[in-house]
file start28.cif (mmCIF, C-alpha atoms)
data_data
#
loop_
_atom_site.label_atom_id
_atom_site.label_comp_id
_atom_site.auth_asym_id
_atom_site.auth_seq_id
_atom_site.Cartn_x
_atom_site.Cartn_y
_atom_site.Cartn_z
CA MET W 222 28.61 143.15 73.73
CA THR W 223 28.36 143.00 69.96
CA GLY W 224 30.80 140.30 68.85
CA ARG W 225 32.42 137.12 70.04
CA GLY W 226 35.90 138.57 69.63
CA GLU W 227 35.23 141.70 71.63
CA VAL W 228 36.52 142.20 75.12
CA ILE W 229 34.15 141.23 77.91
CA GLY W 230 34.02 142.78 81.34
CA ALA W 231 36.69 142.01 83.89
CA ASP W 232 34.13 140.51 86.26
CA VAL W 233 32.90 138.09 83.61
CA ARG W 234 36.40 137.09 82.57
CA GLN W 235 37.42 136.56 86.19
CA SER W 236 34.43 134.26 86.75
CA VAL W 237 35.35 132.19 83.72
CA VAL W 238 39.01 132.00 84.79
CA GLU W 239 38.04 130.83 88.28
CA LEU W 240 35.77 128.17 86.86
CA ARG W 241 38.49 126.89 84.57
CA GLU W 242 40.89 126.65 87.48
CA VAL W 243 38.45 124.65 89.59
CA ALA W 244 37.41 122.27 86.81
CA ASP W 245 39.23 119.01 86.51
CA ASP W 246 39.52 118.23 82.82
CA GLY W 247 40.02 114.58 83.67
CA ALA W 248 36.84 114.34 85.74
CA ALA W 249 34.69 111.35 84.96
CA ALA W 250 31.44 113.27 85.44
CA ASP W 251 28.97 112.97 82.62
CA ASP W 252 28.55 115.94 80.34
CA PRO W 253 25.30 117.57 81.47
CA VAL W 254 24.71 119.22 78.09
CA SER W 255 23.39 116.97 75.37
CA ASP W 256 25.29 116.87 72.09
CA ARG W 257 22.24 115.91 70.14
CA HIS W 258 20.85 118.62 67.87
CA ALA W 259 17.11 118.01 67.85
CA SER W 260 14.93 119.75 65.34
CA ARG W 261 13.35 122.99 66.44
CA GLN W 262 9.99 121.52 65.47
CA GLU W 263 10.45 118.89 68.18
CA VAL W 264 7.42 118.69 70.42
CA ARG W 265 8.20 119.39 74.05
CA SER W 266 6.08 118.70 77.10
CA PRO W 267 4.35 121.61 78.86
CA HIS W 268 6.65 121.15 81.87
CA THR W 269 9.75 121.43 79.71
CA THR W 270 8.33 124.42 77.87
CA ARG W 271 7.60 126.26 81.11
CA ALA W 272 11.01 125.44 82.57
CA TYR W 273 12.83 126.56 79.44
CA ARG W 274 10.82 129.75 79.12
CA SER W 275 11.55 130.68 82.74
CA ALA W 276 15.27 129.94 82.32
CA VAL W 277 15.58 132.00 79.14
CA HIS W 278 13.75 134.90 80.78
CA ARG W 279 16.15 134.72 83.72
CA PHE W 280 19.13 134.78 81.36
CA GLU W 281 17.75 137.70 79.34
CA THR W 282 17.08 139.69 82.52
CA TRP W 283 20.61 139.06 83.81
CA CYS W 284 22.14 140.10 80.47
CA ALA W 285 20.09 143.32 80.42
CA GLU W 286 21.23 144.17 83.96
CA GLN W 287 24.88 143.45 83.14
CA GLY W 288 24.82 145.16 79.75
CA TYR W 289 25.46 142.06 77.65
CA ARG W 290 23.71 140.74 74.59
CA SER W 291 21.49 137.71 75.21
CA SER W 292 20.79 136.69 71.62
CA PRO W 293 22.99 135.63 70.05
CA ALA W 294 24.95 135.15 73.24
CA ASP W 295 28.68 134.59 73.54
CA PRO W 296 29.75 131.39 75.32
CA GLU W 297 31.69 133.46 77.85
CA VAL W 298 28.53 135.36 78.79
CA VAL W 299 26.56 132.15 79.24
CA ALA W 300 29.35 130.77 81.41
CA ALA W 301 29.42 133.95 83.47
CA PHE W 302 25.65 133.85 83.93
CA LEU W 303 25.83 130.28 85.19
CA ALA W 304 28.78 131.18 87.40
CA ALA W 305 26.91 134.08 88.98
CA ALA W 306 23.82 132.00 89.65
CA GLY W 307 25.88 129.03 90.79
CA ALA W 308 27.71 131.11 93.38
CA GLU W 309 24.51 132.23 95.14
CA CYS W 310 24.23 130.75 98.62
CA ASP W 311 21.72 130.66 101.46
CA ALA W 312 23.27 130.05 104.89
CA GLY W 313 26.30 128.47 103.27
CA ILE W 314 24.21 126.20 101.01
CA TYR W 315 24.29 126.64 97.27
CA ARG W 316 20.90 127.93 96.20
CA TYR W 317 20.76 126.15 92.83
CA SER W 318 21.68 122.54 92.21
CA ALA W 319 23.94 121.43 89.40
CA SER W 320 20.97 119.86 87.63
CA THR W 321 19.05 123.15 87.76
CA LEU W 322 21.96 124.99 86.20
CA SER W 323 22.20 122.30 83.52
CA VAL W 324 18.52 122.82 82.70
CA TRP W 325 19.12 126.54 82.33
CA ALA W 326 22.02 125.86 79.99
CA ALA W 327 19.89 123.48 77.94
CA ALA W 328 17.14 126.12 77.72
CA ILE W 329 19.57 128.74 76.41
CA ARG W 330 20.92 126.25 73.89
CA ARG W 331 17.45 125.30 72.67
CA ASP W 332 16.41 128.96 72.42
CA HIS W 333 19.36 129.67 70.14
CA LEU W 334 18.86 126.59 67.98
CA ASP W 335 15.16 127.36 67.56
CA ALA W 336 16.14 130.79 66.28
CA ASP W 337 18.76 129.35 63.87
CA LEU W 338 21.53 130.95 65.91
CA PRO W 339 24.90 129.38 66.84
CA ASP W 340 24.82 127.19 69.92
CA PRO W 341 26.71 129.02 72.70
CA VAL W 342 26.33 126.21 75.24
CA SER W 343 28.00 123.19 73.62
CA THR W 344 31.34 124.89 73.98
CA PRO W 345 34.36 124.13 76.19
CA VAL W 346 33.91 127.21 78.36
CA VAL W 347 30.29 126.42 79.27
CA ARG W 348 30.95 122.70 79.70
CA THR W 349 33.82 123.57 82.01
CA ALA W 350 31.60 125.94 83.98
CA LEU W 351 28.96 123.27 84.52
CA ARG W 352 31.48 120.63 85.54
CA SER W 353 33.09 123.08 87.93
CA MET W 354 29.86 123.90 89.69
CA ALA W 355 28.95 120.23 89.96
CA LYS W 356 32.38 119.56 91.46
CA ARG W 357 32.02 122.40 93.97
CA ARG W 358 28.67 121.08 95.15
CA SER W 359 30.01 117.58 95.47
CA ALA W 360 32.96 118.86 97.51
CA ALA W 361 30.52 120.76 99.75
CA GLY W 362 28.48 117.61 100.32
CA GLN W 363 25.51 118.88 98.34
CA VAL W 364 24.78 115.69 96.46
CA PRO W 365 21.18 115.58 95.21
CA GLU W 366 19.07 112.92 96.89
CA ARG W 367 17.09 110.59 94.70
CA ALA W 368 13.42 110.00 95.26
CA ASP W 369 12.91 107.25 97.80
CA ALA W 370 11.62 104.12 96.08
CA LEU W 371 8.33 102.70 97.33
CA LEU W 372 8.79 98.94 97.18
CA ALA W 373 6.23 96.11 97.26
CA ASP W 374 6.16 95.97 101.07
CA ASP W 375 5.62 99.73 101.18
CA LEU W 376 2.74 99.45 98.74
CA ARG W 377 1.08 96.78 100.87
CA ALA W 378 1.55 98.90 103.99
CA LEU W 379 0.01 101.93 102.28
CA VAL W 380 -3.00 100.03 100.97
CA ASP W 381 -3.64 98.41 104.36
CA SER W 382 -3.38 101.76 106.13
CA ILE W 383 -5.71 103.53 103.67
CA SER W 384 -8.27 100.71 103.91
CA ALA W 385 -8.22 100.79 107.71
CA ARG W 386 -8.74 104.55 107.84
CA ALA W 387 -11.56 104.35 105.32
CA ALA W 388 -13.32 101.65 107.38
CA ALA W 389 -13.43 104.04 110.32
CA GLY W 390 -14.45 107.06 108.24
CA ASP W 391 -17.47 108.45 106.37
CA TRP W 392 -18.33 108.24 102.68
CA LYS W 393 -15.79 110.97 101.89
CA ALA W 394 -13.03 108.83 103.38
CA HIS W 395 -14.28 105.83 101.39
CA ILE W 396 -14.25 107.62 98.06
CA ALA W 397 -10.79 109.11 98.72
CA ALA W 398 -9.51 105.66 99.68
CA CYS W 399 -10.95 104.12 96.54
CA ARG W 400 -9.16 106.68 94.38
CA ASP W 401 -5.85 106.72 96.25
CA ILE W 402 -5.49 102.94 96.43
CA ALA W 403 -6.20 102.62 92.71
CA LEU W 404 -3.78 105.44 91.93
CA ILE W 405 -0.99 103.95 94.04
CA VAL W 406 -1.41 100.38 92.80
CA VAL W 407 -1.74 101.40 89.14
CA GLY W 408 1.15 103.86 89.44
CA PHE W 409 3.37 101.15 90.88
CA CYS W 410 2.40 98.26 88.59
CA SER W 411 2.45 100.32 85.39
CA ALA W 412 5.90 101.78 86.19
CA ARG W 413 5.05 104.88 84.19
CA ARG W 414 5.84 108.52 84.86
CA ARG W 415 3.43 110.45 87.05
CA SER W 416 2.54 112.79 84.16
CA GLU W 417 1.62 109.77 82.03
CA ILE W 418 -0.52 108.30 84.81
CA ALA W 419 -2.32 111.59 85.44
CA ALA W 420 -3.22 111.94 81.76
CA ILE W 421 -5.02 108.58 81.47
CA GLN W 422 -8.52 108.80 80.00
CA PHE W 423 -11.29 106.20 79.77
CA GLY W 424 -10.58 105.70 76.09
CA ASP W 425 -6.99 104.73 76.89
CA LEU W 426 -8.08 101.56 78.72
CA ARG W 427 -9.06 98.23 77.24
CA ILE W 428 -8.89 94.54 78.13
CA VAL W 429 -6.73 92.34 75.92
CA SER W 430 -6.34 88.56 75.86
CA ASP W 431 -3.23 86.49 75.31
CA GLU W 432 -2.79 85.92 71.59
CA ALA W 433 -1.01 82.63 72.34
CA GLY W 434 -4.32 81.08 73.33
CA SER W 435 -4.06 81.07 77.13
CA LYS W 436 -6.80 82.49 79.32
CA GLU W 437 -4.57 85.31 80.59
CA GLN W 438 -5.89 88.84 80.22
CA TRP W 439 -4.50 92.29 80.89
CA ILE W 440 -5.80 95.82 81.16
CA THR W 441 -3.82 97.78 78.60
CA MET W 442 -3.17 101.47 79.26
CA ARG W 443 -2.40 103.61 76.26
CA ILE W 444 0.24 106.22 77.08
CA ARG W 445 -0.35 109.22 74.85
CA GLY W 446 2.93 111.05 74.70
CA SER W 447 5.81 111.08 77.14
CA ARG W 448 8.23 113.44 78.79
CA THR W 449 10.48 113.28 75.72
CA SER W 450 7.85 113.29 72.97
CA LEU W 451 4.20 114.32 73.04
CA THR W 452 3.52 112.49 69.78
CA SER W 453 4.63 109.02 70.86
CA VAL W 454 2.17 106.26 71.77
CA ALA W 455 3.09 103.43 74.13
CA TYR W 456 1.27 100.82 76.18
CA ALA W 457 1.55 99.52 79.73
CA GLN W 458 -0.04 96.27 80.86
CA LEU W 459 -1.82 95.74 84.17
CA PRO W 460 -2.03 92.06 85.18
CA ARG W 461 -4.09 90.49 87.92
CA SER W 462 -2.19 89.99 91.16
CA ARG W 463 -2.30 87.06 93.56
CA ASP W 464 -3.74 89.09 96.44
CA SER W 465 -7.02 90.83 95.67
CA ARG W 466 -6.25 93.64 98.13
CA TYR W 467 -3.38 94.82 95.95
CA CYS W 468 -4.75 93.73 92.56
CA PRO W 469 -4.48 96.52 89.94
CA TRP W 470 -7.55 95.16 88.15
CA CYS W 471 -9.77 95.07 91.24
CA ARG W 472 -8.71 98.46 92.49
CA LEU W 473 -8.81 100.24 89.13
CA LEU W 474 -12.19 98.76 88.19
CA ASP W 475 -13.63 99.90 91.54
CA TRP W 476 -12.53 103.46 90.93
CA LEU W 477 -13.70 103.44 87.30
CA MET W 478 -17.13 102.33 88.50
CA VAL W 479 -17.27 105.20 91.00
CA VAL W 480 -16.37 107.76 88.34
CA THR W 481 -18.74 106.27 85.75
CA VAL W 482 -21.69 106.10 88.15
CA HIS W 483 -21.07 109.71 89.19
CA ASP W 484 -20.75 111.07 85.65
CA ASN W 485 -23.66 109.08 84.24
CA THR W 486 -25.92 110.15 87.10
CA ILE W 487 -25.00 113.80 86.57
CA ARG W 488 -25.64 113.47 82.86
CA THR W 489 -29.01 111.77 83.32
CA ALA W 490 -30.16 114.37 85.84
CA LYS W 491 -29.02 117.16 83.55
CA ASP W 492 -30.91 115.62 80.60
CA HIS W 493 -34.04 115.62 82.76
CA GLY W 494 -33.62 119.32 83.38
CA GLU W 495 -32.88 119.07 87.07
CA PRO W 496 -31.02 122.00 88.72
CA GLU W 497 -27.33 121.64 89.58
CA ASP W 498 -27.91 121.02 93.29
CA GLN W 499 -30.29 118.18 92.48
CA GLN W 500 -27.74 116.73 90.06
CA VAL W 501 -25.07 116.71 92.76
CA ARG W 502 -27.40 115.16 95.35
CA ALA W 503 -28.39 112.41 92.93
CA ALA W 504 -24.75 111.70 92.11
CA ARG W 505 -23.82 111.60 95.80
CA ARG W 506 -26.59 109.12 96.57
CA SER W 507 -25.54 106.89 93.67
CA VAL W 508 -21.87 106.97 94.64
CA ILE W 509 -22.58 106.24 98.32
CA ARG W 510 -24.80 103.33 97.36
CA LEU W 511 -22.04 101.93 95.12
CA LEU W 512 -19.40 102.36 97.85
CA ASP W 513 -21.62 100.49 100.31
CA ASN W 514 -21.89 97.60 97.85
CA LEU W 515 -18.13 97.56 97.32
CA SER W 516 -17.52 97.53 101.08
CA ASP W 517 -19.82 94.55 101.58
CA ARG W 518 -17.65 92.29 99.42
CA ASP W 519 -15.13 89.81 100.79
CA PRO W 520 -11.76 91.62 100.54
CA GLN W 521 -9.96 88.29 100.25
CA LEU W 522 -11.68 87.45 96.97
CA HIS W 523 -10.96 88.84 93.53
CA HIS W 524 -13.64 90.96 91.91
CA CYS W 525 -11.90 91.68 88.65
CA ASP W 526 -13.93 89.33 86.47
CA ARG W 527 -15.77 92.38 85.15
CA GLU W 528 -15.75 94.37 81.96
CA LEU W 529 -14.48 97.93 81.94
CA PRO W 530 -17.26 100.37 82.88
CA VAL W 531 -18.75 102.11 79.86
CA HIS W 532 -18.38 105.88 79.99
CA ARG W 533 -20.29 108.16 77.68
CA ARG W 534 -17.17 110.12 76.81
CA ALA W 535 -13.92 108.39 75.87
CA THR W 536 -11.89 111.51 76.70
CA ALA W 537 -13.18 111.68 80.27
CA PRO W 538 -10.23 111.76 82.70
CA VAL W 539 -9.83 108.78 85.01
CA TRP W 540 -8.20 110.59 87.94
CA ARG W 541 -10.18 113.38 89.55
CA ALA W 542 -9.62 115.87 92.34
CA LEU W 543 -11.73 115.42 95.48
CA ALA W 544 -12.10 118.84 97.02
CA LYS W 545 -14.63 121.13 98.65
CA SER W 546 -15.20 122.80 95.29
CA THR W 547 -16.35 119.45 93.84
CA ARG W 548 -18.44 118.53 96.93
CA TYR W 549 -15.80 115.81 97.50
CA LEU W 550 -17.14 113.96 94.48
CA PRO W 551 -15.10 112.99 91.38
CA ALA W 552 -16.59 115.75 89.25
CA ASP W 553 -15.40 116.15 85.67
CA THR W 554 -14.40 119.80 85.93
CA GLY W 555 -12.26 119.77 82.80
CA HIS W 556 -9.17 119.88 84.99
CA PRO W 557 -8.10 116.33 85.88
CA LEU W 558 -5.82 115.45 88.74
CA THR W 559 -2.41 116.93 87.98
CA ASP W 560 0.89 115.16 88.27
CA GLN W 561 1.88 117.70 90.93
CA THR W 562 -0.93 116.38 93.12
CA ILE W 563 0.28 112.77 93.02
CA PRO W 564 3.32 113.31 95.30
CA LEU W 565 1.11 115.22 97.74
CA ILE W 566 -1.23 112.24 97.93
CA LEU W 567 1.71 109.88 98.41
CA LYS W 568 3.25 111.97 101.18
CA LYS W 569 -0.07 112.28 103.00
CA ARG W 570 -0.74 108.55 102.82
CA CYS W 571 2.82 107.69 103.87
CA GLN W 572 2.45 109.96 106.89
CA GLU W 573 -0.82 108.29 107.86
CA ALA W 574 0.85 104.88 107.50
CA GLY W 575 3.55 105.88 109.99
CA PHE W 576 6.49 106.19 107.62
CA ASP W 577 9.59 107.89 108.98
CA SER W 578 9.48 111.66 108.51
CA ALA W 579 12.93 111.74 106.93
CA ARG W 580 11.80 109.20 104.38
CA ILE W 581 8.55 111.02 103.67
CA ALA W 582 10.61 114.09 102.77
CA ARG W 583 12.26 112.00 100.03
CA ILE W 584 8.98 110.67 98.63
CA SER W 585 8.07 112.16 95.26
CA GLY W 586 5.87 111.40 92.29
CA HIS W 587 8.73 109.29 90.95
CA SER W 588 8.74 106.97 93.97
CA LEU W 589 6.22 104.51 92.49
CA ARG W 590 8.05 104.15 89.18
CA SER W 591 11.39 103.92 90.95
CA GLY W 592 9.97 101.39 93.39
CA PHE W 593 8.67 99.08 90.67
CA ILE W 594 11.97 99.04 88.80
CA THR W 595 14.06 98.64 91.96
CA GLN W 596 11.81 95.83 93.19
CA ALA W 597 11.83 94.09 89.82
CA ARG W 598 15.62 94.26 89.56
CA ALA W 599 15.99 92.96 93.11
CA ASP W 600 13.68 90.05 92.25
CA GLY W 601 15.91 89.10 89.33
CA ILE W 602 13.59 90.24 86.53
CA ALA W 603 15.46 90.93 83.30
CA SER W 604 16.08 94.55 82.36
CA GLU W 605 14.52 94.01 78.93
CA ASP W 606 11.26 92.89 80.54
CA ILE W 607 11.31 95.91 82.85
CA LYS W 608 11.90 98.27 79.93
CA ARG W 609 8.93 96.81 78.10
CA GLN W 610 6.68 97.97 80.94
CA SER W 611 8.39 101.18 82.03
CA GLY W 612 9.04 102.53 78.54
CA HIS W 613 12.77 103.06 79.08
CA LYS W 614 14.90 102.84 75.97
CA ARG W 615 18.30 102.36 77.63
CA THR W 616 19.22 99.34 79.70
CA ASP W 617 21.80 101.23 81.72
CA THR W 618 19.07 103.63 82.87
CA VAL W 619 17.06 100.73 84.27
CA ASP W 620 20.14 99.21 85.87
CA HIS W 621 20.93 102.55 87.50
CA TYR W 622 17.78 102.31 89.63
CA TYR W 623 19.09 99.17 91.27
CA ASP W 624 22.62 100.53 91.45
CA SER W 625 21.28 103.45 93.50
CA ALA W 626 19.74 101.08 96.06
CA PRO W 627 21.60 100.47 99.34
CA SER W 628 25.02 99.06 98.55
CA TYR W 629 24.73 96.31 101.13
CA HIS W 630 22.24 94.47 98.93
CA LYS W 631 23.69 92.02 96.38
CA ASN W 632 27.15 93.02 97.53
CA ALA W 633 30.14 90.81 96.72
CA ALA W 634 31.49 91.38 100.23
CA ASN W 635 28.53 89.44 101.61
CA GLN W 636 29.68 86.36 99.71
CA LEU W 637 33.24 86.31 101.02
CA GLN W 638 33.93 83.36 103.30
CA LEU W 639 35.92 84.96 106.11
#
call {"tool": "encode", "arguments": {"input": "start28.cif", "output": "C-alpha cells"}}
result
Amino acid sequence: MTGRGEVIGADVRQSVVELREVADDGAAADDPVSDRHASRQEVRSPHTTRAYRSAVHRFETWCAEQGYRSSPADPEVVAAFLAAAGAECDAGIYRYSASTLSVWAAAIRRDHLDADLPDPVSTPVVRTALRSMAKRRSAAGQVPERADALLADDLRALVDSISARAAAGDWKAHIAACRDIALIVVGFCSARRRSEIAAIQFGDLRIVSDEAGSKEQWITMRIRGSRTSLTSVAYAQLPRSRDSRYCPWCRLLDWLMVVTVHDNTIRTAKDHGEPEDQQVRAARRSVIRLLDNLSDRDPQLHHCDRELPVHRRATAPVWRALAKSTRYLPADTGHPLTDQTIPLILKKRCQEAGFDSARIARISGHSLRSGFITQARADGIASEDIKRQSGHKRTDTVDHYYDSAPSYHKNAANQLQL
C-alpha cells in the first residue's frame, strides 16, 4: 500500500465493513482513544514505553505479513489490524480485551506523532473498530473485572495473620513479616500507585509538623514521577493511627530500622576489610538482634515517637527483595523490589489469611490504592481530600471507585419505606 486513496485488499475492506455494521454510532461508551496531542518529547514511564514498543512491533510484523505499509499507515489498515487481533479466540473466549486493543491503538498513534506523521488512529474508522470490539465483548459477557479493593477490615485481617505466622516462625519469617506489614500498611494509607510505592528511597522520607502550631506530625513521602509523568513531584502523608498494630509510622519505622541496621553493618564490615561471608554473618546477627528487640515490645503501645533512621545513602531503596540470593536479608543489590512483586506478596498473604480463592484471583497491586479510596468514600470523606492523598486530578475518577463498589451499599432502594 502506497497511498491513502489506493485500493486495499478485499479481506481488509470486509473487516472494516463488518466492524462498521456492528458498531452502534449512538453508543454511550467512552472513546478509548485520547484526543489530546501530547508533545513527542513527553516523558513516558518504562512500563508504557515497553507496552508501546511491543504493540508497534506487533503492528509492523502484521503489516509485513499482509503486504501493507506500517508507516505512515492508513486508518483502514490500522482498523483491519485491530479487527484481526480482536477476532482471535481461545475456546470461544476473545484472546485480547478491549483495553488491550485500545493500548495498541494508542501505541500506533504515538509512534506516528513522534515521527511527525499523520495520526491514523484518531479517525472514524478506527474509533468505530474499537467501539465495535468493545461492544462484541460486552455482548459475549467478557466484561473486565476490576481489582478487588482491600478495605480497612481486610488490612487488619492481613496484618493479624502475618503477625501470627511470624510469631510461630524463625527469623526469616520475622523479617518477611516486618517488610510485608509495612508495605501493606503504607501502600494502603498512602493511596499511591504500586510503582510509586516501589520506587520510594530513604531520601524521599521526612517528618513534618503542622504549620498551624498543633503537635500533629506526619511522615511525608516524596513521589518522584508518576504513571503519567516521570518529571512530576508529589507528596503523600502518613499519619499516626489509633491502633499501633496498624500504624503506618510504627510499621514503616520498624522496617526502616531493619534495612538501616543491615546496610550500616555491611558497610562497616566492608570498611574493616572483612570478606563478604563475614559481612553477611555480621549483618544477620545485627538484624536478628534488632528483630528480637522489636518482638519484645508491647504490641498494644505505639512506638512511633522516633526519628527516621539515618541511612548513609539517600538513594538507598526502602523496599528490598528477600530471597535465597540475598541470604533472605534486605540486601541493597541495586535492584529494589519491583512493582510486579507487590501483587505477588498481596496474593500470598491473602491466601495465608484464608481469603476466598475467587477473591484472591482478583487481588492486584492496585487493590491497596483502590481499597483506600473505596473505604474513604464509604466513610463519607470528601473527594477533594481523597485526591490530595491519592494524587488524582479528576473528581469523577475518585467517585468511580465507590461507584464500582457493590450496588447494594448506599442504595436509594434501601431507604424506601415499603
call {"tool": "closest_residue", "arguments": {"input": "start28.cif", "among": "W:Leu474, W:Ala355, W:Leu543, W:Val324", "to": "W:Gly307", "atoms": "all atoms listed in the file"}}
result
W:Ala355
call {"tool": "residues_around", "arguments": {"input": "start28.cif", "residues": "stretch 610-615 of chain W", "least_positions_apart": "6", "cutoff": "6 Å", "atoms": "all atoms listed in the file", "output": "number ranges by chain"}}
result
W: 412-413, 457
call {"tool": "residues_near_point", "arguments": {"input": "start28.cif", "point": "(-15.9, 113.8, 94.7)", "cutoff": "12 Å", "atoms": "only C-alpha atoms", "output": "PyMOL selection string"}}
result
chain W and resi 392-400+476+479-480+482-484+501-502+504-509+540-554+558
call {"tool": "resolve_selection", "arguments": {"input": "start28.cif", "expression": "the PyMOL selection byres ((chain W and resi 421-423) around 9)", "output": "ChimeraX atom specification"}}
result
/W:417-420,424-427,442-445,477,530-532,534-540
call {"tool": "residues_around", "arguments": {"input": "start28.cif", "residues": "W:Leu522", "least_positions_apart": "3", "cutoff": "9 Å", "atoms": "all atoms listed in the file", "output": "list of chain:residue names"}}
result
W:Asp464, W:Ser465, W:Arg466, W:Arg518, W:Asp519
call {"tool": "write_last_selection", "arguments": {"input": "start28.cif", "atoms": "C-alpha atoms", "output": "CSV table (one decimal), keeping the file's coordinate frame"}}
result
chain,number,residue,atom,x,y,z
W,464,ASP,CA,-3.7,89.1,96.4
W,465,SER,CA,-7.0,90.8,95.7
W,466,ARG,CA,-6.2,93.6,98.1
W,518,ARG,CA,-17.6,92.3,99.4
W,519,ASP,CA,-15.1,89.8,100.8
call {"tool": "atom_distance", "arguments": {"input": "start28.cif", "atom1": "atom CA of W:Arg367", "atom2": "atom CA of W:Arg279"}}
result
26.5 Å
call {"tool": "atom_distance", "arguments": {"input": "start28.cif", "atom1": "atom CA of W:Arg386", "atom2": "atom CA of W:Asp374"}}
result
18.5 Å
call {"tool": "atom_distance", "arguments": {"input": "start28.cif", "atom1": "atom CA of W:Ser318", "atom2": "atom CA of W:Ala582"}}
result
17.5 Å
call {"tool": "residues_around", "arguments": {"input": "start28.cif", "residues": "stretch 430-436 of chain W", "least_positions_apart": "2", "cutoff": "12 Å", "atoms": "only C-alpha atoms", "output": "MDAnalysis selection string"}}
result
chainID W and resid 427:428 438:441 458:460
call {"tool": "resolve_selection", "arguments": {"input": "start28.cif", "expression": "the PyMOL selection byres ((chain W and resi 563) around 12)", "output": "JSON, numbers by chain"}}
result
{"W": [400, 401, 402, 404, 405, 408, 414, 415, 416, 417, 418, 419, 420, 540, 541, 542, 557, 558, 559, 560, 561, 562, 564, 565, 566, 567, 568, 569, 570, 584, 585, 586, 587, 588, 589]}
call {"tool": "resolve_selection", "arguments": {"input": "start28.cif", "expression": "the PyMOL selection byres ((chain W and resi 573) around 12)", "output": "short mmCIF file (atom, residue, chain, number, x, y, z; two decimals) with C-alpha atoms, in the coordinates of the input"}}
result
data_model
loop_
_atom_site.label_atom_id
_atom_site.label_comp_id
_atom_site.auth_asym_id
_atom_site.auth_seq_id
_atom_site.Cartn_x
_atom_site.Cartn_y
_atom_site.Cartn_z
CA ALA W 378 1.55 98.90 103.99
CA LEU W 379 0.01 101.93 102.28
CA VAL W 380 -3.00 100.03 100.97
CA ASP W 381 -3.64 98.41 104.36
CA SER W 382 -3.38 101.76 106.13
CA ILE W 383 -5.71 103.53 103.67
CA SER W 384 -8.27 100.71 103.91
CA ALA W 385 -8.22 100.79 107.71
CA ARG W 386 -8.74 104.55 107.84
CA ALA W 387 -11.56 104.35 105.32
CA ILE W 566 -1.23 112.24 97.93
CA LEU W 567 1.71 109.88 98.41
CA LYS W 568 3.25 111.97 101.18
CA LYS W 569 -0.07 112.28 103.00
CA ARG W 570 -0.74 108.55 102.82
CA CYS W 571 2.82 107.69 103.87
CA GLN W 572 2.45 109.96 106.89
CA ALA W 574 0.85 104.88 107.50
CA GLY W 575 3.55 105.88 109.99
CA PHE W 576 6.49 106.19 107.62
CA ASP W 577 9.59 107.89 108.98
CA SER W 578 9.48 111.66 108.51
CA ILE W 581 8.55 111.02 103.67
#
call {"tool": "closest_residue", "arguments": {"input": "start28.cif", "among": "W:Met478, W:Leu371, W:Ala579, W:Met354", "to": "W:Gln596", "atoms": "only C-alpha atoms"}}
result
W:Leu371
call {"tool": "closest_residue", "arguments": {"input": "start28.cif", "among": "W:Ile607, W:Val298, W:Cys468, W:Ala503", "to": "W:Ala285", "atoms": "all atoms listed in the file"}}
result
W:Val298
call {"tool": "decode", "arguments": {"input": "start28.cif", "residues": "stretch 499-512 of chain W", "atoms": "N, CA and C atoms", "output": "tab-separated table (two decimals), in the first residue's frame"}}
result
chain	number	residue	atom	x	y	z
W	499	GLN	N	31.76	-12.89	55.95
W	499	GLN	CA	31.78	-12.30	57.29
W	499	GLN	C	30.87	-11.08	57.37
W	500	GLN	N	30.79	-10.33	56.28
W	500	GLN	CA	29.89	-9.18	56.23
W	500	GLN	C	28.44	-9.63	56.39
W	501	VAL	N	28.08	-10.69	55.66
W	501	VAL	CA	26.71	-11.19	55.72
W	501	VAL	C	26.38	-11.73	57.09
W	502	ARG	N	27.32	-12.48	57.70
W	502	ARG	CA	27.08	-13.03	59.03
W	502	ARG	C	26.89	-11.92	60.06
W	503	ALA	N	27.70	-10.87	59.95
W	503	ALA	CA	27.58	-9.76	60.89
W	503	ALA	C	26.24	-9.06	60.72
W	504	ALA	N	25.82	-8.88	59.46
W	504	ALA	CA	24.53	-8.24	59.20
W	504	ALA	C	23.39	-9.09	59.72
W	505	ARG	N	23.48	-10.41	59.53
W	505	ARG	CA	22.42	-11.30	60.01
W	505	ARG	C	22.30	-11.24	61.53
W	506	ARG	N	23.43	-11.24	62.21
W	506	ARG	CA	23.39	-11.16	63.68
W	506	ARG	C	22.76	-9.85	64.14
W	507	SER	N	23.12	-8.76	63.47
W	507	SER	CA	22.58	-7.45	63.87
W	507	SER	C	21.08	-7.37	63.62
W	508	VAL	N	20.64	-7.91	62.49
W	508	VAL	CA	19.22	-7.86	62.15
W	508	VAL	C	18.41	-8.74	63.10
W	509	ILE	N	18.90	-9.94	63.41
W	509	ILE	CA	18.20	-10.83	64.33
W	509	ILE	C	18.10	-10.21	65.71
W	510	ARG	N	19.17	-9.57	66.15
W	510	ARG	CA	19.14	-8.92	67.46
W	510	ARG	C	18.10	-7.79	67.48
W	511	LEU	N	18.03	-7.03	66.40
W	511	LEU	CA	17.03	-5.95	66.31
W	511	LEU	C	15.62	-6.52	66.30
W	512	LEU	N	15.39	-7.59	65.53
W	512	LEU	CA	14.06	-8.20	65.47
W	512	LEU	C	13.63	-8.73	66.83
